[in-house]
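Here is the structure we will look at, set down as structure tokens.
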Amino acid sequence: MEESQETPYAFRQTLKTPAPISCLAKGSLDHFVAGSDDGSVRVYNQDTLKVVKAIKGLGEVSSVVCMEYNTGVLGDMWVASNRHALHFAMDTEKMVLAKADATLTLELGADDDVLNELSLNQKKTQLAFCLDSGEVGVVDLSTKQITRMKTNHDNICGTVKFIPDRPSELVSGGYDSRLLHHDFHQRTVLSRLDLGTSPLSESSGVSMSPPFILSSAMSPSGILAAGTADGRVWIGTGGEKMSGKRRKWEGLKQDEAFTADVGHGPIVALHVTFIGPRTLFASTLMGNITLHEIGGLTADGKLDISPKWKKATTDVHKVNAIIATGGLVIIGGLNENGGGVIEVWEKRPKSGDV
């Protein structure tokens, strides 16, 4: 599993920023976006790794999502900053935009509440959000109507994702160790799972951390992955769409779920991103990146997860985000001096490729 001649990704370049990188997002047209603790957002060209556009003067940026349009344009961007979601049209001659350039500002949190993650549905018509207060909601982007769920988390809600091919459903994860599956039109909970009471995998040792849910990823086929503070990735395959239309999404069914130990010791943040229907990257807080594959039935007939390859970051001392896009793996966080750093890895051609 260690680095070898078959290493799929190799270090390419390190990019530095004045403040720690708090979030990363795939942009349109071979671009990626990095948000920072100092209220800045940078749009990078994936080929040159140069900044082509920036936003400055916001509050701390916690999440960015991009809306791709036709080729030839950068499209629009939603930025989460403190309790606001700000919409920016990036196709402007301005190189550096300011808060005043936002075409719309939505106040989604009350008082000192803070937004943690924004998420777009497949059709780019709905924007989900989650807050420190544990609240989860959805903005209809055509009417700007805000729908807030009736049932929320008992602690910080750090992550929210739409479910593919389920037009009114999403999943949220919180520091209460719970996953909640919502119907956001009805504002009801369809299913739930408490990882604090679910059985641990046999390989798990004693952990100092509770299984706070810090990150999540949804595969295009409906597999859910959740990263926990005790160093595990929980995988729910019960909602995987194999063929035809599912009657309902059952991704939180415990008998079709399993966990994998990825990090060891307390306070291990996991940042999870899918690069294929059954392939995902997981990163620990300290920069140990593992490529996992979901497959192979176990003796009891369940799917399993196996680590295929791993590599440690070179310059990112503490990881806050990871994305995979266009043959690149991009890891953002801070260096040992507390400055911002982005590490870019690129896919190596396989043996025999020209």
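By order in the structure tokens, chains are A, B, ...; within a chain, residues start at 1; ligands start at 1, following the order shown.
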
Residues flagged strand (DSSP E) by DSSP in stretch 98-286 of chain A, as an MDAnalysis selection string = chainID A and resid 98 104:107 115:120 126:131 136:140 146:148 157:162 169:174 178:183 188:194 213:218 224:228 232:236 257:261 271:276 279:283

Long-range neighbours of stretch 108-122 of chain A as a list in words, 6 Å cut-off, only C-alpha atoms, 4 positions minimum in chain | Ser62, Ser63, Asn82, Arg83, His84, Gln126, Leu127, Ala128, Phe129, Cys130, Leu131, Asp132, Gly158, Thr159, Lys161 and Phe162 of chain A

Take the residues from that selection and write them out as a short mmCIF file (atom, residue, chain, number, x, y, z; two decimals), in the first residue's frame, keeping N, CA and C atoms.
```
data_model
loop_
_atom_site.label_atom_id
_atom_site.label_comp_id
_atom_site.auth_asym_id
_atom_site.auth_seq_id
_atom_site.Cartn_x
_atom_site.Cartn_y
_atom_site.Cartn_z
N SER A 62 -15.84 29.86 5.29
CA SER A 62 -15.93 28.47 5.74
C SER A 62 -16.25 27.49 4.61
N SER A 63 -16.85 27.98 3.51
CA SER A 63 -17.25 27.09 2.43
C SER A 63 -17.46 27.89 1.16
N ASN A 82 -19.08 33.71 7.99
CA ASN A 82 -19.81 33.92 9.25
C ASN A 82 -21.25 33.42 9.11
N ARG A 83 -22.25 34.30 9.24
CA ARG A 83 -23.63 33.79 9.15
C ARG A 83 -24.29 34.08 7.80
N HIS A 84 -23.48 34.59 6.84
CA HIS A 84 -24.02 34.97 5.54
C HIS A 84 -23.54 34.06 4.42
N GLN A 126 -30.84 24.36 -5.90
CA GLN A 126 -31.02 24.41 -4.45
C GLN A 126 -29.66 24.50 -3.78
N LEU A 127 -29.60 25.31 -2.72
CA LEU A 127 -28.36 25.48 -1.95
C LEU A 127 -28.64 25.05 -0.51
N ALA A 128 -27.98 23.98 -0.06
CA ALA A 128 -28.14 23.53 1.33
C ALA A 128 -27.09 24.22 2.20
N PHE A 129 -27.42 24.39 3.49
CA PHE A 129 -26.48 25.00 4.42
C PHE A 129 -26.64 24.37 5.80
N CYS A 130 -25.58 24.47 6.61
CA CYS A 130 -25.65 23.99 7.99
C CYS A 130 -24.85 24.94 8.88
N LEU A 131 -25.23 24.97 10.17
CA LEU A 131 -24.76 26.01 11.08
C LEU A 131 -24.20 25.45 12.39
N ASP A 132 -23.42 26.27 13.08
CA ASP A 132 -22.89 25.91 14.40
C ASP A 132 -24.00 25.53 15.38
N GLY A 158 -21.65 20.20 10.91
CA GLY A 158 -20.49 20.58 10.12
C GLY A 158 -20.58 20.26 8.65
N THR A 159 -21.56 19.40 8.26
CA THR A 159 -21.55 18.95 6.88
C THR A 159 -22.95 18.59 6.41
N LYS A 161 -25.07 17.26 2.58
CA LYS A 161 -24.96 16.85 1.18
C LYS A 161 -26.33 16.46 0.64
N PHE A 162 -26.60 16.83 -0.62
CA PHE A 162 -27.80 16.36 -1.31
C PHE A 162 -27.61 14.90 -1.73
#
```

Quote the spacing between atom CA of A:Leu328 and atom CA of A:Leu24 in Å to one decimal place.
-> 12.8 Å
